[in-house]
file protein-v4.tsv (TSV, C-alpha atoms (C1' of nucleotides))
chain	number	residue	atom	x	y	z
A	193	MET	CA	-2.68	5.84	36.02
A	194	ILE	CA	0.96	6.40	35.25
A	195	ASP	CA	1.76	8.37	32.11
A	196	LYS	CA	4.88	7.03	30.41
A	197	THR	CA	4.28	9.11	27.33
A	198	ASN	CA	6.98	11.60	28.20
A	199	GLU	CA	9.72	9.11	28.85
A	200	ASP	CA	12.10	8.07	26.12
A	201	ALA	CA	11.93	4.63	24.60
A	202	SER	CA	15.02	2.64	25.56
A	203	PRO	CA	17.40	1.38	22.86
A	204	ALA	CA	16.21	-2.17	23.47
A	205	LYS	CA	12.62	-1.13	22.96
A	206	ILE	CA	13.50	0.72	19.80
A	207	GLU	CA	15.18	-2.44	18.53
A	208	ALA	CA	12.05	-4.39	19.38
A	209	TRP	CA	9.96	-1.83	17.52
A	210	ALA	CA	12.12	-2.08	14.43
A	211	ARG	CA	11.97	-5.85	14.50
A	212	LEU	CA	8.20	-5.85	14.91
A	213	ILE	CA	7.76	-3.74	11.80
A	214	ARG	CA	10.33	-5.60	9.75
A	215	SER	CA	9.38	-9.12	10.71
A	216	SER	CA	5.65	-8.63	10.35
A	217	ALA	CA	6.10	-7.02	6.96
A	218	ALA	CA	8.44	-9.77	5.81
A	219	VAL	CA	6.19	-12.60	6.93
A	220	LEU	CA	3.07	-10.95	5.60
A	221	GLU	CA	4.67	-10.47	2.24
A	222	GLN	CA	5.59	-14.14	2.07
A	223	VAL	CA	2.04	-15.13	2.86
A	224	GLU	CA	0.61	-12.74	0.28
A	225	THR	CA	2.99	-14.14	-2.29
A	226	LYS	CA	1.84	-17.69	-1.60
A	227	LEU	CA	-1.77	-16.68	-2.10
A	228	LYS	CA	-0.89	-14.90	-5.32
A	229	VAL	CA	1.08	-17.86	-6.64
A	230	ALA	CA	-1.96	-20.04	-5.97
A	231	GLY	CA	-4.04	-17.67	-8.09
A	232	LEU	CA	-5.98	-16.40	-5.10
A	233	PRO	CA	-6.96	-12.84	-4.13
A	234	PRO	CA	-5.12	-10.84	-1.48
A	235	LEU	CA	-5.56	-11.27	2.25
A	236	ALA	CA	-7.74	-8.17	2.54
A	237	TRP	CA	-10.42	-10.01	0.58
A	238	TYR	CA	-10.19	-12.96	2.91
A	239	ASP	CA	-10.41	-10.73	5.96
A	240	VAL	CA	-13.57	-9.00	4.82
A	241	LEU	CA	-15.25	-12.20	3.67
A	242	LEU	CA	-14.34	-13.90	6.94
A	243	GLU	CA	-15.77	-11.07	9.00
A	244	LEU	CA	-18.97	-11.43	7.04
A	245	ARG	CA	-19.13	-15.16	7.61
A	246	ARG	CA	-18.60	-14.66	11.33
A	247	SER	CA	-21.43	-12.18	11.53
A	248	GLU	CA	-25.07	-12.72	12.28
A	249	GLY	CA	-26.70	-13.55	8.96
A	250	ALA	CA	-23.32	-13.32	7.20
A	251	GLN	CA	-24.12	-9.65	6.87
A	252	LEU	CA	-22.47	-6.42	7.95
A	253	ARG	CA	-22.63	-2.74	7.21
A	254	PRO	CA	-19.52	-1.18	5.73
A	255	VAL	CA	-18.92	0.80	8.88
A	256	GLU	CA	-18.75	-2.48	10.81
A	257	VAL	CA	-16.30	-3.94	8.31
A	258	GLU	CA	-14.20	-0.86	8.77
A	259	LYS	CA	-14.05	-1.29	12.54
A	260	ARG	CA	-13.18	-4.96	12.34
A	261	THR	CA	-10.49	-4.79	9.68
A	262	LEU	CA	-8.76	-1.47	10.39
A	263	LEU	CA	-9.23	-0.55	6.73
A	264	ALA	CA	-9.89	3.09	5.93
A	265	GLN	CA	-13.46	4.04	5.13
A	266	TYR	CA	-12.85	4.77	1.47
A	267	ASN	CA	-10.93	1.54	1.07
A	268	VAL	CA	-13.75	-0.45	2.57
A	269	SER	CA	-16.18	1.25	0.24
A	270	ARG	CA	-14.15	0.36	-2.82
A	271	LEU	CA	-13.09	-3.10	-1.68
A	272	ILE	CA	-16.74	-3.98	-1.16
A	273	ASP	CA	-17.42	-2.76	-4.68
A	274	ARG	CA	-14.72	-5.06	-6.01
A	275	LEU	CA	-16.02	-7.99	-3.98
A	276	ALA	CA	-19.51	-7.28	-5.30
A	277	SER	CA	-18.22	-7.12	-8.89
A	278	ALA	CA	-16.64	-10.51	-8.34
A	279	GLY	CA	-19.95	-11.86	-7.05
A	280	LEU	CA	-18.52	-12.61	-3.62
A	281	VAL	CA	-20.84	-10.27	-1.71
A	282	GLU	CA	-24.12	-8.51	-2.33
A	283	LYS	CA	-24.94	-4.92	-1.52
A	284	ARG	CA	-28.48	-4.15	-0.43
A	285	LYS	CA	-30.15	-1.11	0.98
A	286	SER	CA	-30.16	-1.21	4.74
A	287	PRO	CA	-33.71	-1.55	6.02
A	288	GLU	CA	-33.39	0.39	9.26
A	289	ASP	CA	-30.87	3.05	8.24
A	290	GLY	CA	-31.34	4.98	5.02
A	291	ARG	CA	-27.67	5.88	4.78
A	292	GLY	CA	-26.33	2.41	5.27
A	293	ILE	CA	-26.10	-0.61	3.05
A	294	ALA	CA	-26.10	-4.25	4.06
A	295	VAL	CA	-23.28	-6.34	2.67
A	296	THR	CA	-24.03	-10.03	2.49
A	297	LEU	CA	-21.73	-12.96	1.83
A	298	THR	CA	-22.79	-14.95	-1.23
A	299	ALA	CA	-22.38	-18.69	-1.75
A	300	LYS	CA	-19.55	-17.87	-4.11
A	301	GLY	CA	-17.89	-15.79	-1.43
A	302	ASP	CA	-18.26	-18.62	1.03
A	303	THR	CA	-16.67	-20.99	-1.46
A	304	LEU	CA	-13.75	-18.65	-1.96
A	305	LEU	CA	-13.14	-18.65	1.78
A	306	GLU	CA	-13.06	-22.43	1.66
A	307	ASP	CA	-10.64	-22.38	-1.24
A	308	MET	CA	-8.32	-19.83	0.31
A	309	TRP	CA	-8.07	-21.30	3.77
A	310	PRO	CA	-5.89	-24.33	2.98
A	311	VAL	CA	-3.39	-22.16	1.16
A	312	TYR	CA	-3.54	-19.47	3.81
A	313	LYS	CA	-3.20	-21.97	6.64
A	314	ALA	CA	-0.20	-23.62	5.01
A	315	ALA	CA	1.44	-20.23	4.56
A	316	ILE	CA	0.84	-19.33	8.22
A	317	GLN	CA	2.42	-22.63	9.16
A	318	SER	CA	5.53	-22.33	7.00
A	319	GLU	CA	6.16	-18.62	7.50
A	320	PHE	CA	5.11	-18.20	11.10
A	321	ALA	CA	3.81	-21.10	13.16
A	322	CYS	CA	6.61	-23.57	12.52
A	323	HIS	CA	9.15	-21.15	13.93
A	324	LEU	CA	7.46	-20.94	17.32
A	325	SER	CA	6.57	-23.38	20.09
A	326	GLU	CA	3.10	-23.31	21.59
A	327	ASP	CA	4.43	-21.42	24.58
A	328	GLU	CA	6.24	-18.92	22.43
A	329	ALA	CA	3.13	-18.30	20.36
A	330	ALA	CA	1.10	-17.79	23.52
A	331	THR	CA	3.67	-15.32	24.85
A	332	LEU	CA	3.74	-13.45	21.57
A	333	PHE	CA	-0.04	-13.29	21.62
A	334	ARG	CA	-0.03	-11.88	25.13
A	335	LEU	CA	2.66	-9.29	24.47
A	336	LEU	CA	1.10	-8.09	21.24
A	337	GLY	CA	-2.19	-7.77	23.05
A	338	LYS	CA	-0.64	-5.02	25.12
A	339	LEU	CA	-0.24	-2.98	21.94
A	340	LEU	CA	-3.83	-3.18	20.84
A	341	PRO	CA	-5.99	-0.05	21.14
A	342	ARG	CA	-7.66	0.08	24.55
A	343	GLU	CA	-11.30	0.91	25.32
B	295	MET	CA	16.55	-30.74	10.68
B	296	ILE	CA	12.92	-31.33	11.46
B	297	ASP	CA	10.43	-30.19	8.86
B	298	LYS	CA	7.29	-28.84	10.47
B	299	THR	CA	6.00	-27.50	7.20
B	300	ASN	CA	3.46	-30.25	6.81
B	301	GLU	CA	1.93	-29.96	10.23
B	302	ASP	CA	-1.08	-27.77	10.84
B	303	ALA	CA	-0.79	-24.53	12.74
B	304	SER	CA	-2.59	-24.85	16.08
B	305	PRO	CA	-5.55	-22.59	16.84
B	306	ALA	CA	-3.42	-20.70	19.38
B	307	LYS	CA	-0.74	-20.10	16.78
B	308	ILE	CA	-3.31	-18.91	14.29
B	309	GLU	CA	-4.59	-16.46	16.89
B	310	ALA	CA	-1.04	-15.26	17.45
B	311	TRP	CA	-0.62	-14.81	13.70
B	312	ALA	CA	-3.77	-12.76	13.43
B	313	ARG	CA	-2.75	-10.59	16.33
B	314	LEU	CA	0.73	-10.03	14.90
B	315	ILE	CA	-0.73	-8.73	11.65
B	316	ARG	CA	-3.42	-6.64	13.27
B	317	SER	CA	-1.37	-5.12	16.04
B	318	SER	CA	1.62	-4.27	13.89
B	319	ALA	CA	-0.62	-2.66	11.28
B	320	ALA	CA	-2.52	-0.70	13.91
B	321	VAL	CA	0.58	0.59	15.66
B	322	LEU	CA	2.35	1.39	12.43
B	323	GLU	CA	-0.62	3.36	11.21
B	324	GLN	CA	-0.64	5.42	14.40
B	325	VAL	CA	3.03	6.20	13.99
B	326	GLU	CA	2.61	7.15	10.34
B	327	THR	CA	-0.24	9.42	11.29
B	328	LYS	CA	1.88	11.21	13.86
B	329	LEU	CA	4.57	11.85	11.29
B	330	LYS	CA	2.01	13.12	8.82
B	331	VAL	CA	0.41	15.41	11.36
B	332	ALA	CA	3.85	16.86	12.06
B	333	GLY	CA	4.19	17.61	8.35
B	334	LEU	CA	6.88	14.99	7.88
B	335	PRO	CA	7.33	12.38	5.13
B	336	PRO	CA	6.39	8.72	5.58
B	337	LEU	CA	8.48	6.17	7.42
B	338	ALA	CA	9.79	4.65	4.20
B	339	TRP	CA	11.71	7.85	3.57
B	340	TYR	CA	13.20	7.71	7.03
B	341	ASP	CA	14.18	4.09	6.60
B	342	VAL	CA	16.07	4.69	3.38
B	343	LEU	CA	17.78	7.83	4.61
B	344	LEU	CA	18.78	6.07	7.82
B	345	GLU	CA	20.27	3.13	5.95
B	346	LEU	CA	22.29	5.60	3.93
B	347	ARG	CA	23.56	7.37	7.04
B	348	ARG	CA	24.58	4.07	8.58
B	349	SER	CA	26.55	3.11	5.51
B	350	GLU	CA	30.19	3.67	4.70
B	351	GLY	CA	30.35	7.10	3.12
B	352	ALA	CA	26.60	7.58	3.59
B	353	GLN	CA	26.30	5.87	0.24
B	354	LEU	CA	24.57	2.76	-1.04
B	355	ARG	CA	23.54	1.21	-4.30
B	356	PRO	CA	19.82	0.73	-4.84
B	357	VAL	CA	20.19	-3.02	-4.66
B	358	GLU	CA	21.63	-2.63	-1.15
B	359	VAL	CA	18.76	-0.38	-0.12
B	360	GLU	CA	16.42	-3.03	-1.42
B	361	LYS	CA	17.98	-5.74	0.73
B	362	ARG	CA	17.99	-3.64	3.88
B	363	THR	CA	14.47	-2.27	3.67
B	364	LEU	CA	12.50	-5.16	2.16
B	365	LEU	CA	11.13	-2.75	-0.44
B	366	ALA	CA	10.53	-4.11	-3.92
B	367	GLN	CA	13.08	-3.23	-6.57
B	368	TYR	CA	10.79	-0.96	-8.54
B	369	ASN	CA	9.70	0.81	-5.39
B	370	VAL	CA	13.27	1.47	-4.37
B	371	SER	CA	13.97	2.84	-7.81
B	372	ARG	CA	11.09	5.27	-7.64
B	373	LEU	CA	11.48	6.17	-3.99
B	374	ILE	CA	15.09	7.12	-4.63
B	375	ASP	CA	13.88	9.29	-7.50
B	376	ARG	CA	11.50	11.06	-5.16
B	377	LEU	CA	14.17	11.50	-2.51
B	378	ALA	CA	16.50	12.90	-5.16
B	379	SER	CA	13.80	15.29	-6.39
B	380	ALA	CA	13.43	16.52	-2.82
B	381	GLY	CA	17.18	17.06	-2.61
B	382	LEU	CA	17.60	14.50	0.18
B	383	VAL	CA	19.89	12.18	-1.77
B	384	GLU	CA	22.06	12.38	-4.87
B	385	LYS	CA	22.29	9.81	-7.63
B	386	ARG	CA	25.68	9.30	-9.27
B	387	LYS	CA	27.02	6.79	-11.70
B	388	SER	CA	28.67	3.93	-9.89
B	389	PRO	CA	32.40	3.96	-10.60
B	390	GLU	CA	33.05	0.23	-10.44
B	391	ASP	CA	29.80	-1.13	-11.86
B	392	GLY	CA	28.38	0.33	-15.04
B	393	ARG	CA	24.87	-0.86	-14.26
B	394	GLY	CA	24.68	0.53	-10.77
B	395	ILE	CA	24.24	3.97	-9.38
B	396	ALA	CA	25.54	5.33	-6.10
B	397	VAL	CA	22.98	6.99	-3.88
B	398	THR	CA	24.42	9.47	-1.42
B	399	LEU	CA	22.81	11.18	1.55
B	400	THR	CA	22.89	14.98	1.26
B	401	ALA	CA	23.16	17.47	4.10
B	402	LYS	CA	19.49	18.19	3.61
B	403	GLY	CA	18.72	14.49	3.93
B	404	ASP	CA	20.74	14.32	7.10
B	405	THR	CA	18.83	17.29	8.49
B	406	LEU	CA	15.53	15.64	7.70
B	407	LEU	CA	16.61	12.57	9.68
B	408	GLU	CA	17.36	14.87	12.61
B	409	ASP	CA	14.00	16.55	12.28
B	410	MET	CA	12.05	13.31	12.00
B	411	TRP	CA	13.68	11.40	14.84
B	412	PRO	CA	12.14	13.29	17.78
B	413	VAL	CA	8.66	12.86	16.33
B	414	TYR	CA	9.33	9.27	15.39
B	415	LYS	CA	10.82	8.43	18.77
B	416	ALA	CA	7.89	9.99	20.61
B	417	ALA	CA	5.48	7.98	18.48
B	418	ILE	CA	7.36	4.74	19.17
B	419	GLN	CA	7.16	5.56	22.86
B	420	SER	CA	3.46	6.36	22.98
B	421	GLU	CA	2.26	3.66	20.58
B	422	PHE	CA	4.63	0.85	21.44
B	423	ALA	CA	7.32	1.22	24.08
B	424	CYS	CA	5.19	2.52	26.93
B	425	HIS	CA	3.00	-0.57	26.77
B	426	LEU	CA	5.88	-2.96	27.43
B	427	SER	CA	8.41	-3.49	30.19
B	428	GLU	CA	12.07	-3.90	29.31
B	429	ASP	CA	11.76	-7.64	29.78
B	430	GLU	CA	8.69	-7.84	27.63
B	431	ALA	CA	10.37	-5.86	24.88
B	432	ALA	CA	13.38	-8.17	25.03
B	433	THR	CA	11.14	-11.22	24.83
B	434	LEU	CA	9.24	-9.77	21.91
B	435	PHE	CA	12.51	-9.03	20.18
B	436	ARG	CA	13.69	-12.59	20.69
B	437	LEU	CA	10.46	-14.21	19.52
B	438	LEU	CA	10.15	-12.03	16.44
B	439	GLY	CA	13.74	-12.87	15.60
B	440	LYS	CA	12.63	-16.44	15.05
B	441	LEU	CA	10.44	-15.25	12.22
B	442	LEU	CA	13.14	-13.44	10.29
B	443	PRO	CA	14.32	-14.95	7.02
B	444	ARG	CA	17.17	-17.37	7.63
B	445	GLU	CA	19.09	-17.04	4.33
C	620	DC	C1'	-40.51	21.75	14.85
C	621	DC	C1'	-36.55	23.50	12.57
C	622	DT	C1'	-31.71	24.00	12.12
C	623	DA	C1'	-26.99	22.39	13.10
C	624	DT	C1'	-24.11	18.61	13.73
C	625	DT	C1'	-22.75	13.95	13.16
C	626	DT	C1'	-22.66	9.61	10.85
C	627	DT	C1'	-22.44	6.83	6.81
C	628	DC	C1'	-21.08	5.94	2.27
C	629	DA	C1'	-19.28	7.29	-2.39
C	630	DT	C1'	-16.00	9.43	-5.61
C	631	DG	C1'	-12.64	12.66	-8.39
C	632	DC	C1'	-8.00	13.32	-8.43
C	633	DA	C1'	-3.25	12.83	-7.55
C	634	DG	C1'	0.19	9.95	-5.92
C	635	DT	C1'	1.89	5.15	-5.15
C	636	DT	C1'	2.32	0.29	-5.94
C	637	DG	C1'	2.51	-4.15	-8.49
C	638	DC	C1'	3.35	-6.45	-12.67
C	639	DA	C1'	5.61	-7.16	-16.72
C	640	DT	C1'	9.01	-5.79	-19.61
C	641	DT	C1'	13.11	-3.53	-21.26
C	642	DA	C1'	17.88	-2.23	-21.46
C	643	DA	C1'	22.49	-2.41	-20.19
C	644	DA	C1'	26.33	-4.23	-17.89
C	645	DA	C1'	28.57	-8.06	-15.43
C	646	DT	C1'	29.37	-12.89	-14.99
C	647	DA	C1'	29.36	-17.70	-16.39
C	648	DA	C1'	29.62	-21.19	-19.78
C	649	DA	C1'	30.97	-23.15	-24.03
D	213	DT	C1'	36.38	-15.17	-27.51
D	214	DT	C1'	31.63	-15.66	-28.24
D	215	DT	C1'	27.29	-16.64	-26.49
D	216	DA	C1'	24.10	-17.43	-22.70
D	217	DT	C1'	22.76	-16.25	-18.18
D	218	DT	C1'	22.37	-13.33	-14.29
D	219	DT	C1'	22.26	-8.93	-12.03
D	220	DT	C1'	20.96	-4.17	-11.75
D	221	DA	C1'	18.00	-0.41	-12.60
D	222	DA	C1'	14.15	1.99	-15.00
D	223	DT	C1'	9.43	2.45	-16.80
D	224	DG	C1'	4.50	1.96	-19.15
D	225	DC	C1'	0.32	0.60	-17.63
D	226	DA	C1'	-3.30	-0.89	-14.69
D	227	DA	C1'	-4.80	-1.23	-10.07
D	228	DC	C1'	-4.94	0.58	-5.54
D	229	DT	C1'	-4.53	4.15	-1.83
D	230	DG	C1'	-4.89	8.62	0.50
D	231	DC	C1'	-6.98	12.97	0.66
D	232	DA	C1'	-10.52	15.98	0.25
D	233	DT	C1'	-15.04	16.55	-0.60
D	234	DG	C1'	-19.93	15.70	-1.36
D	235	DA	C1'	-24.50	13.77	-0.61
D	236	DA	C1'	-27.91	11.83	2.13
D	237	DA	C1'	-29.84	10.25	6.29
D	238	DA	C1'	-29.81	10.18	11.32
D	239	DT	C1'	-29.21	12.58	15.61
D	240	DA	C1'	-28.74	16.54	18.70
D	241	DG	C1'	-29.77	21.18	20.13
D	242	DG	C1'	-32.48	25.18	20.46

call {"tool": "encode", "arguments": {"input": "protein-v4.tsv", "output": "structure tokens"}}
result
Amino acid sequence: MIDKTNEDASPAKIEAWARLIRSSAAVLEQVETKLKVAGLPPLAWYDVLLELRRSEGAQLRPVEVEKRTLLAQYNVSRLIDRLASAGLVEKRKSPEDGRGIAVTLTAKGDTLLEDMWPVYKAAIQSEFACHLSEDEAATLFRLLGKLLPRE
Amino acid sequence: MIDKTNEDASPAKIEAWARLIRSSAAVLEQVETKLKVAGLPPLAWYDVLLELRRSEGAQLRPVEVEKRTLLAQYNVSRLIDRLASAGLVEKRKSPEDGRGIAVTLTAKGDTLLEDMWPVYKAAIQSEFACHLSEDEAATLFRLLGKLLPRE
DNA sequence: CCTATTTTCATGCAGTTGCATTAAAATAAA
DNA sequence: TTTATTTTAATGCAACTGCATGAAAATAGG
């Protein structure tokens, strides 16, 4: 396995880095704004609720949410509290692990996902998808995959 | 001009969207962590200081910083206050515009840029650049350019 | 079995961000 | 010119985040 860690990043790569950070932040902000304008909660809520829906029994432990969303542990803990306060999830004691809790998607949470998706999808289309061809999107997907954490 | 705003984003494009958000957040977090571990300030400080250095007279008005960094107005205002408190920039009354102030990079600010760059560059290399070939980086740059605000 | 370590989740506190508003100056409109 | 609008910057307040720490249960080690 070759170690390129000690080489220097080329100017072109540094430009690509800068553009990745700038463009993703810009597009994400536009999407967040569209959700907000529609009176909907931020994307982080959608992400967590969606991970729950995708899970067996629409249920996950906070530590699983953390792994799937890249949110910090303390942010997951508090976000789940907020979601629970809003009636979108339920917190129960985990049966098999005394430390853990089981977070379950409620019907209300499921409904919110339904309500957010059309707005979210339209925002993805107008801020991202419409600027790329299918091939370009596939290439982007492949290249970004190279950046994801290994193992 | 064709308007693709009303079409639906394809599943592949939605996957690309998700990966853009996830991968950029993951990589950015790694880079921020490396700066923090080195006892250095966050990237936002670097960005503002660098924009100042690049500017005529190492000087910009807050509104210009805002445009170049995508930071919100109130965040620029307060970030500049923090930078000024740390002695990295100076705030002066703008001569030609009574509303504006002129933010100038200090020698200390310039030194901080010098100190941060090796750490920052190494982080870009290990978290981003080393995973891509030159061609891939160029392609990424081109594709992400399509997402930037047109104006 | 008993102790040490690790894993999981919560929380106090300080710092930061977002929102809404304000104030002041510049520009446009009447 | 006088008034209305726009631009620029700051700030009070509430919400959110990061850090450090704590508590409790599970796991590992002796």

call {"tool": "calpha_fit_rmsd", "arguments": {"input": "protein-v4.tsv", "fixed": "chain A", "moving": "chain B"}}
result
0.2 Å

call {"tool": "closest_residue", "arguments": {"input": "protein-v4.tsv", "among": "A:Asp327, A:Ser318, A:Ile293, A:Leu275", "to": "Leu441 in chain B", "atoms": "all atoms listed in the file"}}
result
A:Ser318

call {"tool": "atom_distance", "arguments": {"input": "protein-v4.tsv", "atom1": "CA of Pro310 in chain A", "atom2": "CA of Val229 in chain A"}}
result
13.5 Å

call {"tool": "residues_around", "arguments": {"input": "protein-v4.tsv", "residues": "range 227-233 of chain D", "least_positions_apart": "5", "cutoff": "8 Å", "atoms": "all atoms listed in the file", "output": "number ranges by chain"}}
result
A: 267; C: 635-636

call {"tool": "interface_residues", "arguments": {"input": "protein-v4.tsv", "of": "chain A", "to": "chain B", "cutoff": "8 Å", "atoms": "all atoms listed in the file", "output": "ChimeraX atom specification"}}
result
/A:196-202,204-209,211-216,218-220,262,313-314,316-324,326,328-330,332-333,335-340

call {"tool": "atom_distance", "arguments": {"input": "protein-v4.tsv", "atom1": "C1' of DT641 in chain C", "atom2": "CA of Leu354 in chain B"}}
result
24.1 Å

call {"tool": "closest_atom_pairs", "arguments": {"input": "protein-v4.tsv", "of": "chain D", "to": "chain B", "cutoff": "9 Å", "atoms": "all atoms listed in the file", "output": "tab-separated table"}}
result
residue	atom	partner	partner_atom	distance
D:DT219	C1'	B:Arg393	CA	8.8
D:DT220	C1'	B:Arg393	CA	5.7
D:DA221	C1'	B:Gly394	CA	7.0
D:DA222	C1'	B:Ser371	CA	7.2

call {"tool": "residues_around", "arguments": {"input": "protein-v4.tsv", "residues": "range 327-330 of chain B", "least_positions_apart": "6", "cutoff": "8 Å", "atoms": "all atoms listed in the file", "output": "PyMOL selection string"}}
result
chain B and resi 336-337+410+413-414+417

call {"tool": "atom_distance", "arguments": {"input": "protein-v4.tsv", "atom1": "C1' of DA629 in chain C", "atom2": "CA of Thr298 in chain A"}}
result
22.5 Å

call {"tool": "interface_residues", "arguments": {"input": "protein-v4.tsv", "of": "chain C", "to": "chain A", "cutoff": "9 Å", "atoms": "only C-alpha atoms (C1' of nucleotides)", "output": "list in words"}}
result
DT626, DT627, DC628 and DA629 of chain C

call {"tool": "residues_around", "arguments": {"input": "protein-v4.tsv", "residues": "Ala380 in chain B", "least_positions_apart": "5", "cutoff": "10 Å", "atoms": "only C-alpha atoms (C1' of nucleotides)", "output": "list of chain:residue names"}}
result
B:Ile374, B:Asp375, B:Lys402, B:Gly403

call {"tool": "write_last_selection", "arguments": {"input": "protein-v4.tsv", "atoms": "C-alpha atoms", "output": "PDB file, keeping the file's coordinate frame"}}
result
ATOM      1  CA  ILE B 374      15.090   7.120  -4.630  1.00  0.00           C
ATOM      2  CA  ASP B 375      13.880   9.290  -7.500  1.00  0.00           C
ATOM      3  CA  LYS B 402      19.490  18.190   3.610  1.00  0.00           C
ATOM      4  CA  GLY B 403      18.720  14.490   3.930  1.00  0.00           C
TER       5      GLY B 403
END

call {"tool": "closest_residue", "arguments": {"input": "protein-v4.tsv", "among": "B:Glu390, B:Lys361, B:Ala366, B:Glu408", "to": "DA645 in chain C", "atoms": "only C-alpha atoms (C1' of nucleotides)"}}
result
B:Glu390

call {"tool": "closest_residue", "arguments": {"input": "protein-v4.tsv", "among": "A:Glu282, A:Glu256, A:Ala294, A:Leu305", "to": "Ala236 in chain A", "atoms": "all atoms listed in the file"}}
result
A:Leu305

call {"tool": "residues_around", "arguments": {"input": "protein-v4.tsv", "residues": "Gly351 in chain B", "least_positions_apart": "5", "cutoff": "10 Å", "atoms": "only C-alpha atoms (C1' of nucleotides)", "output": "PyMOL selection string"}}
result
chain B and resi 346+398-399
